[in-house]
Every structure is written in C-alpha cells, then in structure tokens.
>>> print(open('coords_13.cif').read())   # mmCIF, N, CA and C atoms, pLDDT in the B column; chains and numbers go by the auth columns
data_coords
#
loop_
_atom_site.group_PDB
_atom_site.id
_atom_site.type_symbol
_atom_site.label_atom_id
_atom_site.label_comp_id
_atom_site.label_asym_id
_atom_site.label_seq_id
_atom_site.Cartn_x
_atom_site.Cartn_y
_atom_site.Cartn_z
_atom_site.B_iso_or_equiv
_atom_site.auth_seq_id
_atom_site.auth_asym_id
ATOM 1 N N MET A 1 58.551 -87.591 1.569 54.00 1 A
ATOM 2 C CA MET A 1 58.200 -88.224 0.319 54.00 1 A
ATOM 3 C C MET A 1 56.998 -89.160 0.551 54.00 1 A
ATOM 4 N N GLN A 2 56.027 -89.106 -0.345 59.00 2 A
ATOM 5 C CA GLN A 2 54.820 -89.903 -0.212 59.00 2 A
ATOM 6 C C GLN A 2 55.067 -91.316 -0.730 59.00 2 A
ATOM 7 N N GLN A 3 54.635 -92.306 0.054 58.00 3 A
ATOM 8 C CA GLN A 3 54.788 -93.681 -0.387 58.00 3 A
ATOM 9 C C GLN A 3 53.707 -94.013 -1.398 58.00 3 A
ATOM 10 N N THR A 4 54.078 -94.783 -2.400 61.00 4 A
ATOM 11 C CA THR A 4 53.089 -95.223 -3.370 61.00 4 A
ATOM 12 C C THR A 4 52.762 -96.674 -3.091 61.00 4 A
ATOM 13 N N GLN A 5 51.511 -97.012 -3.290 61.00 5 A
ATOM 14 C CA GLN A 5 51.072 -98.382 -3.060 61.00 5 A
ATOM 15 C C GLN A 5 50.994 -99.086 -4.400 61.00 5 A
ATOM 16 N N ARG A 6 51.568 -100.245 -4.466 64.00 6 A
ATOM 17 C CA ARG A 6 51.564 -101.013 -5.705 64.00 6 A
ATOM 18 C C ARG A 6 50.239 -101.749 -5.829 64.00 6 A
ATOM 19 N N GLN A 7 49.590 -101.589 -6.972 61.00 7 A
ATOM 20 C CA GLN A 7 48.299 -102.228 -7.188 61.00 7 A
ATOM 21 C C GLN A 7 48.505 -103.491 -8.012 61.00 7 A
ATOM 22 N N ILE A 8 47.869 -104.565 -7.571 71.00 8 A
ATOM 23 C CA ILE A 8 47.957 -105.839 -8.265 71.00 8 A
ATOM 24 C C ILE A 8 46.561 -106.199 -8.761 71.00 8 A
ATOM 25 N N GLY A 9 46.477 -106.737 -9.952 67.00 9 A
ATOM 26 C CA GLY A 9 45.188 -107.149 -10.501 67.00 9 A
ATOM 27 C C GLY A 9 44.564 -106.052 -11.332 67.00 9 A
ATOM 28 N N ARG A 10 43.294 -106.236 -11.605 67.00 10 A
ATOM 29 C CA ARG A 10 42.573 -105.271 -12.436 67.00 10 A
ATOM 30 C C ARG A 10 42.340 -103.985 -11.672 67.00 10 A
ATOM 31 N N PRO A 11 42.278 -102.870 -12.395 66.00 11 A
ATOM 32 C CA PRO A 11 41.987 -101.608 -11.709 66.00 11 A
ATOM 33 C C PRO A 11 40.561 -101.614 -11.165 66.00 11 A
ATOM 34 N N ARG A 12 40.362 -100.931 -10.059 65.00 12 A
ATOM 35 C CA ARG A 12 39.038 -100.854 -9.447 65.00 12 A
ATOM 36 C C ARG A 12 38.138 -99.960 -10.289 65.00 12 A
ATOM 37 N N LEU A 13 36.950 -100.439 -10.525 66.00 13 A
ATOM 38 C CA LEU A 13 35.966 -99.654 -11.272 66.00 13 A
ATOM 39 C C LEU A 13 35.029 -99.002 -10.276 66.00 13 A
ATOM 40 N N ASP A 14 35.039 -97.694 -10.204 71.00 14 A
ATOM 41 C CA ASP A 14 34.155 -96.981 -9.284 71.00 14 A
ATOM 42 C C ASP A 14 32.836 -96.672 -9.973 71.00 14 A
ATOM 43 N N VAL A 15 32.081 -97.710 -10.239 73.00 15 A
ATOM 44 C CA VAL A 15 30.794 -97.555 -10.908 73.00 15 A
ATOM 45 C C VAL A 15 29.636 -97.864 -9.967 73.00 15 A
ATOM 46 N N GLY A 16 29.953 -98.044 -8.697 79.00 16 A
ATOM 47 C CA GLY A 16 28.903 -98.365 -7.743 79.00 16 A
ATOM 48 C C GLY A 16 28.754 -99.867 -7.588 79.00 16 A
ATOM 49 N N PRO A 17 27.798 -100.275 -6.764 83.00 17 A
ATOM 50 C CA PRO A 17 27.617 -101.705 -6.523 83.00 17 A
ATOM 51 C C PRO A 17 27.153 -102.423 -7.784 83.00 17 A
ATOM 52 N N ARG A 18 27.668 -103.595 -7.980 82.00 18 A
ATOM 53 C CA ARG A 18 27.277 -104.411 -9.131 82.00 18 A
ATOM 54 C C ARG A 18 26.942 -105.801 -8.625 82.00 18 A
ATOM 55 N N HIS A 19 26.067 -106.483 -9.315 87.00 19 A
ATOM 56 C CA HIS A 19 25.608 -107.805 -8.894 87.00 19 A
ATOM 57 C C HIS A 19 25.820 -108.802 -10.027 87.00 19 A
ATOM 58 N N THR A 20 26.063 -110.027 -9.661 89.00 20 A
ATOM 59 C CA THR A 20 26.275 -111.091 -10.631 89.00 20 A
ATOM 60 C C THR A 20 24.989 -111.872 -10.808 89.00 20 A
ATOM 61 N N VAL A 21 24.640 -112.141 -12.061 90.00 21 A
ATOM 62 C CA VAL A 21 23.492 -112.969 -12.397 90.00 21 A
ATOM 63 C C VAL A 21 24.027 -114.160 -13.184 90.00 21 A
ATOM 64 N N ALA A 22 23.747 -115.345 -12.724 91.00 22 A
ATOM 65 C CA ALA A 22 24.212 -116.545 -13.412 91.00 22 A
ATOM 66 C C ALA A 22 23.040 -117.198 -14.145 91.00 22 A
ATOM 67 N N VAL A 23 23.297 -117.631 -15.349 90.00 23 A
ATOM 68 C CA VAL A 23 22.274 -118.341 -16.116 90.00 23 A
ATOM 69 C C VAL A 23 22.875 -119.636 -16.634 90.00 23 A
ATOM 70 N N LYS A 24 22.033 -120.624 -16.792 94.00 24 A
ATOM 71 C CA LYS A 24 22.467 -121.895 -17.373 94.00 24 A
ATOM 72 C C LYS A 24 21.873 -121.976 -18.768 94.00 24 A
ATOM 73 N N LEU A 25 22.750 -122.003 -19.754 94.00 25 A
ATOM 74 C CA LEU A 25 22.311 -122.079 -21.138 94.00 25 A
ATOM 75 C C LEU A 25 22.426 -123.509 -21.647 94.00 25 A
ATOM 76 N N GLU A 26 21.470 -123.901 -22.445 97.00 26 A
ATOM 77 C CA GLU A 26 21.581 -125.178 -23.147 97.00 26 A
ATOM 78 C C GLU A 26 22.685 -125.032 -24.196 97.00 26 A
ATOM 79 N N GLN A 27 23.226 -126.139 -24.656 97.00 27 A
ATOM 80 C CA GLN A 27 24.362 -126.104 -25.582 97.00 27 A
ATOM 81 C C GLN A 27 24.086 -125.292 -26.851 97.00 27 A
ATOM 82 N N PRO A 28 22.910 -125.437 -27.481 97.00 28 A
ATOM 83 C CA PRO A 28 22.681 -124.650 -28.714 97.00 28 A
ATOM 84 C C PRO A 28 22.731 -123.135 -28.474 97.00 28 A
ATOM 85 N N GLU A 29 22.186 -122.683 -27.335 96.00 29 A
ATOM 86 C CA GLU A 29 22.204 -121.252 -27.030 96.00 29 A
ATOM 87 C C GLU A 29 23.619 -120.784 -26.704 96.00 29 A
ATOM 88 N N TRP A 30 24.384 -121.616 -26.006 96.00 30 A
ATOM 89 C CA TRP A 30 25.773 -121.274 -25.692 96.00 30 A
ATOM 90 C C TRP A 30 26.594 -121.164 -26.979 96.00 30 A
ATOM 91 N N ASP A 31 26.404 -122.128 -27.867 97.00 31 A
ATOM 92 C CA ASP A 31 27.127 -122.094 -29.147 97.00 31 A
ATOM 93 C C ASP A 31 26.783 -120.835 -29.935 97.00 31 A
ATOM 94 N N LYS A 32 25.510 -120.471 -29.930 96.00 32 A
ATOM 95 C CA LYS A 32 25.078 -119.280 -30.662 96.00 32 A
ATOM 96 C C LYS A 32 25.656 -118.014 -30.046 96.00 32 A
ATOM 97 N N LEU A 33 25.660 -117.924 -28.717 95.00 33 A
ATOM 98 C CA LEU A 33 26.246 -116.773 -28.042 95.00 33 A
ATOM 99 C C LEU A 33 27.727 -116.648 -28.382 95.00 33 A
ATOM 100 N N GLN A 34 28.442 -117.761 -28.380 96.00 34 A
ATOM 101 C CA GLN A 34 29.862 -117.727 -28.731 96.00 34 A
ATOM 102 C C GLN A 34 30.068 -117.304 -30.189 96.00 34 A
ATOM 103 N N GLU A 35 29.208 -117.784 -31.075 96.00 35 A
ATOM 104 C CA GLU A 35 29.331 -117.418 -32.490 96.00 35 A
ATOM 105 C C GLU A 35 29.047 -115.932 -32.692 96.00 35 A
ATOM 106 N N ILE A 36 28.027 -115.412 -32.031 95.00 36 A
ATOM 107 C CA ILE A 36 27.709 -113.982 -32.113 95.00 36 A
ATOM 108 C C ILE A 36 28.900 -113.158 -31.638 95.00 36 A
ATOM 109 N N ALA A 37 29.457 -113.549 -30.498 94.00 37 A
ATOM 110 C CA ALA A 37 30.596 -112.826 -29.939 94.00 37 A
ATOM 111 C C ALA A 37 31.787 -112.871 -30.880 94.00 37 A
ATOM 112 N N GLN A 38 32.024 -114.026 -31.484 95.00 38 A
ATOM 113 C CA GLN A 38 33.146 -114.158 -32.414 95.00 38 A
ATOM 114 C C GLN A 38 32.947 -113.263 -33.631 95.00 38 A
ATOM 115 N N ILE A 39 31.745 -113.242 -34.170 96.00 39 A
ATOM 116 C CA ILE A 39 31.448 -112.409 -35.343 96.00 39 A
ATOM 117 C C ILE A 39 31.637 -110.930 -35.013 96.00 39 A
ATOM 118 N N LEU A 40 31.168 -110.531 -33.824 93.00 40 A
ATOM 119 C CA LEU A 40 31.265 -109.129 -33.422 93.00 40 A
ATOM 120 C C LEU A 40 32.649 -108.768 -32.882 93.00 40 A
ATOM 121 N N GLY A 41 33.482 -109.782 -32.631 95.00 41 A
ATOM 122 C CA GLY A 41 34.821 -109.528 -32.112 95.00 41 A
ATOM 123 C C GLY A 41 34.819 -109.086 -30.663 95.00 41 A
ATOM 124 N N ILE A 42 33.888 -109.631 -29.882 94.00 42 A
ATOM 125 C CA ILE A 42 33.771 -109.274 -28.465 94.00 42 A
ATOM 126 C C ILE A 42 33.727 -110.549 -27.633 94.00 42 A
ATOM 127 N N LYS A 43 33.731 -110.388 -26.318 94.00 43 A
ATOM 128 C CA LYS A 43 33.620 -111.539 -25.416 94.00 43 A
ATOM 129 C C LYS A 43 32.148 -111.824 -25.140 94.00 43 A
ATOM 130 N N PRO A 44 31.780 -113.103 -24.979 94.00 44 A
ATOM 131 C CA PRO A 44 30.369 -113.446 -24.758 94.00 44 A
ATOM 132 C C PRO A 44 29.772 -112.848 -23.490 94.00 44 A
ATOM 133 N N GLY A 45 30.534 -112.828 -22.400 92.00 45 A
ATOM 134 C CA GLY A 45 29.999 -112.332 -21.121 92.00 45 A
ATOM 135 C C GLY A 45 29.535 -110.894 -21.180 92.00 45 A
ATOM 136 N N PRO A 46 30.412 -109.956 -21.590 91.00 46 A
ATOM 137 C CA PRO A 46 29.974 -108.563 -21.676 91.00 46 A
ATOM 138 C C PRO A 46 28.817 -108.357 -22.662 91.00 46 A
ATOM 139 N N HIS A 47 28.797 -109.143 -23.737 92.00 47 A
ATOM 140 C CA HIS A 47 27.694 -109.023 -24.701 92.00 47 A
ATOM 141 C C HIS A 47 26.380 -109.456 -24.048 92.00 47 A
ATOM 142 N N ALA A 48 26.406 -110.583 -23.333 92.00 48 A
ATOM 143 C CA ALA A 48 25.201 -111.056 -22.648 92.00 48 A
ATOM 144 C C ALA A 48 24.763 -110.058 -21.581 92.00 48 A
ATOM 145 N N THR A 49 25.720 -109.488 -20.867 92.00 49 A
ATOM 146 C CA THR A 49 25.411 -108.489 -19.845 92.00 49 A
ATOM 147 C C THR A 49 24.717 -107.289 -20.460 92.00 49 A
ATOM 148 N N GLN A 50 25.278 -106.760 -21.530 93.00 50 A
ATOM 149 C CA GLN A 50 24.689 -105.574 -22.161 93.00 50 A
ATOM 150 C C GLN A 50 23.312 -105.871 -22.741 93.00 50 A
ATOM 151 N N THR A 51 23.137 -107.071 -23.294 93.00 51 A
ATOM 152 C CA THR A 51 21.834 -107.462 -23.837 93.00 51 A
ATOM 153 C C THR A 51 20.790 -107.529 -22.729 93.00 51 A
ATOM 154 N N LEU A 52 21.157 -108.083 -21.572 93.00 52 A
ATOM 155 C CA LEU A 52 20.225 -108.145 -20.445 93.00 52 A
ATOM 156 C C LEU A 52 19.906 -106.748 -19.922 93.00 52 A
ATOM 157 N N ILE A 53 20.918 -105.895 -19.825 93.00 53 A
ATOM 158 C CA ILE A 53 20.695 -104.513 -19.377 93.00 53 A
ATOM 159 C C ILE A 53 19.744 -103.796 -20.324 93.00 53 A
ATOM 160 N N ASP A 54 19.945 -103.950 -21.630 94.00 54 A
ATOM 161 C CA ASP A 54 19.059 -103.319 -22.617 94.00 54 A
ATOM 162 C C ASP A 54 17.630 -103.811 -22.450 94.00 54 A
ATOM 163 N N TYR A 55 17.467 -105.119 -22.230 93.00 55 A
ATOM 164 C CA TYR A 55 16.133 -105.680 -22.036 93.00 55 A
ATOM 165 C C TYR A 55 15.474 -105.091 -20.784 93.00 55 A
ATOM 166 N N LEU A 56 16.211 -105.102 -19.669 92.00 56 A
ATOM 167 C CA LEU A 56 15.642 -104.594 -18.418 92.00 56 A
ATOM 168 C C LEU A 56 15.247 -103.130 -18.523 92.00 56 A
ATOM 169 N N ARG A 57 16.051 -102.343 -19.216 93.00 57 A
ATOM 170 C CA ARG A 57 15.714 -100.921 -19.393 93.00 57 A
ATOM 171 C C ARG A 57 14.481 -100.734 -20.260 93.00 57 A
ATOM 172 N N SER A 58 14.178 -101.713 -21.113 92.00 58 A
ATOM 173 C CA SER A 58 13.029 -101.580 -22.014 92.00 58 A
ATOM 174 C C SER A 58 11.704 -101.971 -21.356 92.00 58 A
ATOM 175 N N VAL A 59 11.753 -102.649 -20.217 89.00 59 A
ATOM 176 C CA VAL A 59 10.535 -103.108 -19.547 89.00 59 A
ATOM 177 C C VAL A 59 9.908 -101.954 -18.781 89.00 59 A
ATOM 178 N N ASP A 60 8.625 -101.721 -19.013 89.00 60 A
ATOM 179 C CA ASP A 60 7.862 -100.706 -18.289 89.00 60 A
ATOM 180 C C ASP A 60 7.290 -101.360 -17.038 89.00 60 A
ATOM 181 N N VAL A 61 7.977 -101.182 -15.923 90.00 61 A
ATOM 182 C CA VAL A 61 7.598 -101.839 -14.669 90.00 61 A
ATOM 183 C C VAL A 61 6.230 -101.366 -14.190 90.00 61 A
ATOM 184 N N THR A 62 5.912 -100.105 -14.378 89.00 62 A
ATOM 185 C CA THR A 62 4.612 -99.582 -13.954 89.00 62 A
ATOM 186 C C THR A 62 3.491 -100.283 -14.701 89.00 62 A
ATOM 187 N N ALA A 63 3.630 -100.424 -15.995 87.00 63 A
ATOM 188 C CA ALA A 63 2.611 -101.120 -16.784 87.00 63 A
ATOM 189 C C ALA A 63 2.509 -102.578 -16.368 87.00 63 A
ATOM 190 N N LEU A 64 3.639 -103.177 -16.066 85.00 64 A
ATOM 191 C CA LEU A 64 3.643 -104.575 -15.624 85.00 64 A
ATOM 192 C C LEU A 64 2.913 -104.719 -14.290 85.00 64 A
ATOM 193 N N ARG A 65 3.135 -103.801 -13.366 84.00 65 A
ATOM 194 C CA ARG A 65 2.439 -103.830 -12.075 84.00 65 A
ATOM 195 C C ARG A 65 0.937 -103.669 -12.273 84.00 65 A
ATOM 196 N N ASN A 66 0.542 -102.728 -13.133 84.00 66 A
ATOM 197 C CA ASN A 66 -0.886 -102.507 -13.391 84.00 66 A
ATOM 198 C C ASN A 66 -1.527 -103.742 -13.995 84.00 66 A
ATOM 199 N N GLN A 67 -0.796 -104.433 -14.843 82.00 67 A
ATOM 200 C CA GLN A 67 -1.308 -105.659 -15.447 82.00 67 A
ATOM 201 C C GLN A 67 -1.497 -106.722 -14.367 82.00 67 A
ATOM 202 N N GLU A 68 -0.575 -106.781 -13.422 68.00 68 A
ATOM 203 C CA GLU A 68 -0.672 -107.734 -12.314 68.00 68 A
ATOM 204 C C GLU A 68 -1.921 -107.455 -11.485 68.00 68 A
ATOM 205 N N VAL A 69 -2.237 -106.186 -11.255 65.00 69 A
ATOM 206 C CA VAL A 69 -3.426 -105.817 -10.488 65.00 69 A
ATOM 207 C C VAL A 69 -4.677 -106.276 -11.227 65.00 69 A
ATOM 208 N N LEU A 70 -4.710 -106.113 -12.551 63.00 70 A
ATOM 209 C CA LEU A 70 -5.867 -106.557 -13.327 63.00 70 A
ATOM 210 C C LEU A 70 -6.076 -108.058 -13.189 63.00 70 A
ATOM 211 N N PHE A 71 -4.981 -108.831 -13.244 66.00 71 A
ATOM 212 C CA PHE A 71 -5.107 -110.290 -13.121 66.00 71 A
ATOM 213 C C PHE A 71 -5.589 -110.706 -11.743 66.00 71 A
ATOM 214 N N SER A 72 -5.137 -110.026 -10.702 65.00 72 A
ATOM 215 C CA SER A 72 -5.558 -110.407 -9.340 65.00 72 A
ATOM 216 C C SER A 72 -7.023 -110.052 -9.095 65.00 72 A
ATOM 217 N N LYS A 73 -7.528 -108.958 -9.717 65.00 73 A
ATOM 218 C CA LYS A 73 -8.942 -108.591 -9.557 65.00 73 A
ATOM 219 C C LYS A 73 -9.848 -109.549 -10.310 65.00 73 A
ATOM 220 N N ALA A 74 -9.356 -110.112 -11.421 61.00 74 A
ATOM 221 C CA ALA A 74 -10.171 -111.000 -12.234 61.00 74 A
ATOM 222 C C ALA A 74 -10.360 -112.369 -11.571 61.00 74 A
ATOM 223 N N SER A 75 -9.469 -112.750 -10.683 56.00 75 A
ATOM 224 C CA SER A 75 -9.590 -114.098 -10.101 56.00 75 A
ATOM 225 C C SER A 75 -10.393 -114.126 -8.839 56.00 75 A
#
>>> encode(input="coords_13.cif", output="structure tokens")
Amino acid sequence: MQQTQRQIGRPRLDVGPRHTVAVKLEQPEWDKLQEIAQILGIKPGPHATQTLIDYLRSVDVTALRNQEVLFSKAS
C-alpha cells in the first residue's frame, strides 16, 4: 500500500520561479488601491500584481534601448 503524504498550507503552484517586488505607497495611493479592490471585489495585492504585469508587457524594451543609444550619442 502506498503511503500518502499530508500537505499543510497552500497548494504548491507549479508556475515556475516567481519574484517579489515591494513598493511603498503614500497613504492616498494606498487608500485608492483599497477602494478599487473593494469595488471590483478583489484583493489589492493580486490587482496590483496584474496591473504591473500588464504594464511590463506593454513596454517595448527594444525601442527603449534604441532611445538610450540616441541619448548617449547626443551627449
């Protein structure tokens, strides 16, 4: 008979490595984030995470690098 192992805590998410980013919000921004989350019926943390992910995916890194090269040549 195979022994089963009892799991305690949250289930493991096999989504690959993940990293934590901490930000310090001023009180007005924190209040607004909490209000947005309350209106949408979600938690503030996952909402902030998804918003940051959406932003990062929208940035064209190649164009940003090319812009950096233009600035360094101009100086």
>>> closest_residue(input="coords_13.cif", among="A:Leu25, A:Val15, A:Leu33, A:Val61", to="Gly45 of chain A", atoms="only N, CA and C atoms")
A:Leu33
>>> atom_distance(input="coords_13.cif", atom1="atom CA of Ala48 of chain A", atom2="atom N of Asp60 of chain A")
19.4 Å
>>> atom_distance(input="coords_13.cif", atom1="atom CA of Asp31 of chain A", atom2="atom C of Val59 of chain A")
28.5 Å
>>> axis_aligned_box(input="coords_13.cif", around="segment 30-36 of chain A", padding_each_side="5 Å", output="AutoDock Vina command-line options")
--center_x 27.2 --center_y -117.6 --center_z -29.2 --size_x 15.7 --size_y 19.0 --size_z 17.0
>>> decode(input="coords_13.cif", residues="segment 30-48 of chain A", atoms="N, CA and C atoms", output="tab-separated table (two decimals), in the first residue's frame")
chain	number	residue	atom	x	y	z
A	30	TRP	N	-2.53	54.25	-1.42
A	30	TRP	CA	-2.95	53.02	-0.74
A	30	TRP	C	-4.47	53.00	-0.58
A	31	ASP	N	-5.02	54.13	-0.15
A	31	ASP	CA	-6.48	54.21	0.01
A	31	ASP	C	-7.19	53.97	-1.32
A	32	LYS	N	-6.65	54.53	-2.38
A	32	LYS	CA	-7.27	54.36	-3.70
A	32	LYS	C	-7.18	52.91	-4.17
A	33	LEU	N	-6.03	52.27	-3.96
A	33	LEU	CA	-5.88	50.86	-4.32
A	33	LEU	C	-6.88	50.00	-3.56
A	34	GLN	N	-7.05	50.27	-2.27
A	34	GLN	CA	-8.02	49.51	-1.48
A	34	GLN	C	-9.45	49.75	-1.97
A	35	GLU	N	-9.76	50.98	-2.33
A	35	GLU	CA	-11.10	51.29	-2.82
A	35	GLU	C	-11.36	50.61	-4.16
A	36	ILE	N	-10.39	50.62	-5.05
A	36	ILE	CA	-10.52	49.94	-6.34
A	36	ILE	C	-10.78	48.45	-6.12
A	37	ALA	N	-9.98	47.85	-5.24
A	37	ALA	CA	-10.12	46.43	-4.96
A	37	ALA	C	-11.49	46.12	-4.37
A	38	GLN	N	-11.96	46.98	-3.48
A	38	GLN	CA	-13.27	46.77	-2.87
A	38	GLN	C	-14.38	46.85	-3.92
A	39	ILE	N	-14.30	47.83	-4.80
A	39	ILE	CA	-15.31	48.00	-5.85
A	39	ILE	C	-15.32	46.79	-6.78
A	40	LEU	N	-14.12	46.30	-7.13
A	40	LEU	CA	-14.02	45.16	-8.04
A	40	LEU	C	-14.24	43.83	-7.34
A	41	GLY	N	-14.26	43.84	-6.00
A	41	GLY	CA	-14.46	42.61	-5.25
A	41	GLY	C	-13.25	41.69	-5.28
A	42	ILE	N	-12.06	42.28	-5.29
A	42	ILE	CA	-10.82	41.51	-5.35
A	42	ILE	C	-9.89	41.99	-4.24
A	43	LYS	N	-8.76	41.30	-4.09
A	43	LYS	CA	-7.75	41.72	-3.11
A	43	LYS	C	-6.79	42.70	-3.76
A	44	PRO	N	-6.29	43.68	-2.99
A	44	PRO	CA	-5.40	44.70	-3.57
A	44	PRO	C	-4.10	44.13	-4.13
A	45	GLY	N	-3.50	43.16	-3.45
A	45	GLY	CA	-2.21	42.62	-3.89
A	45	GLY	C	-2.25	42.01	-5.28
A	46	PRO	N	-3.15	41.04	-5.52
A	46	PRO	CA	-3.23	40.46	-6.86
A	46	PRO	C	-3.59	41.48	-7.94
A	47	HIS	N	-4.40	42.47	-7.58
A	47	HIS	CA	-4.75	43.51	-8.56
A	47	HIS	C	-3.51	44.33	-8.92
A	48	ALA	N	-2.74	44.72	-7.91
A	48	ALA	CA	-1.51	45.48	-8.17
A	48	ALA	C	-0.52	44.65	-8.98
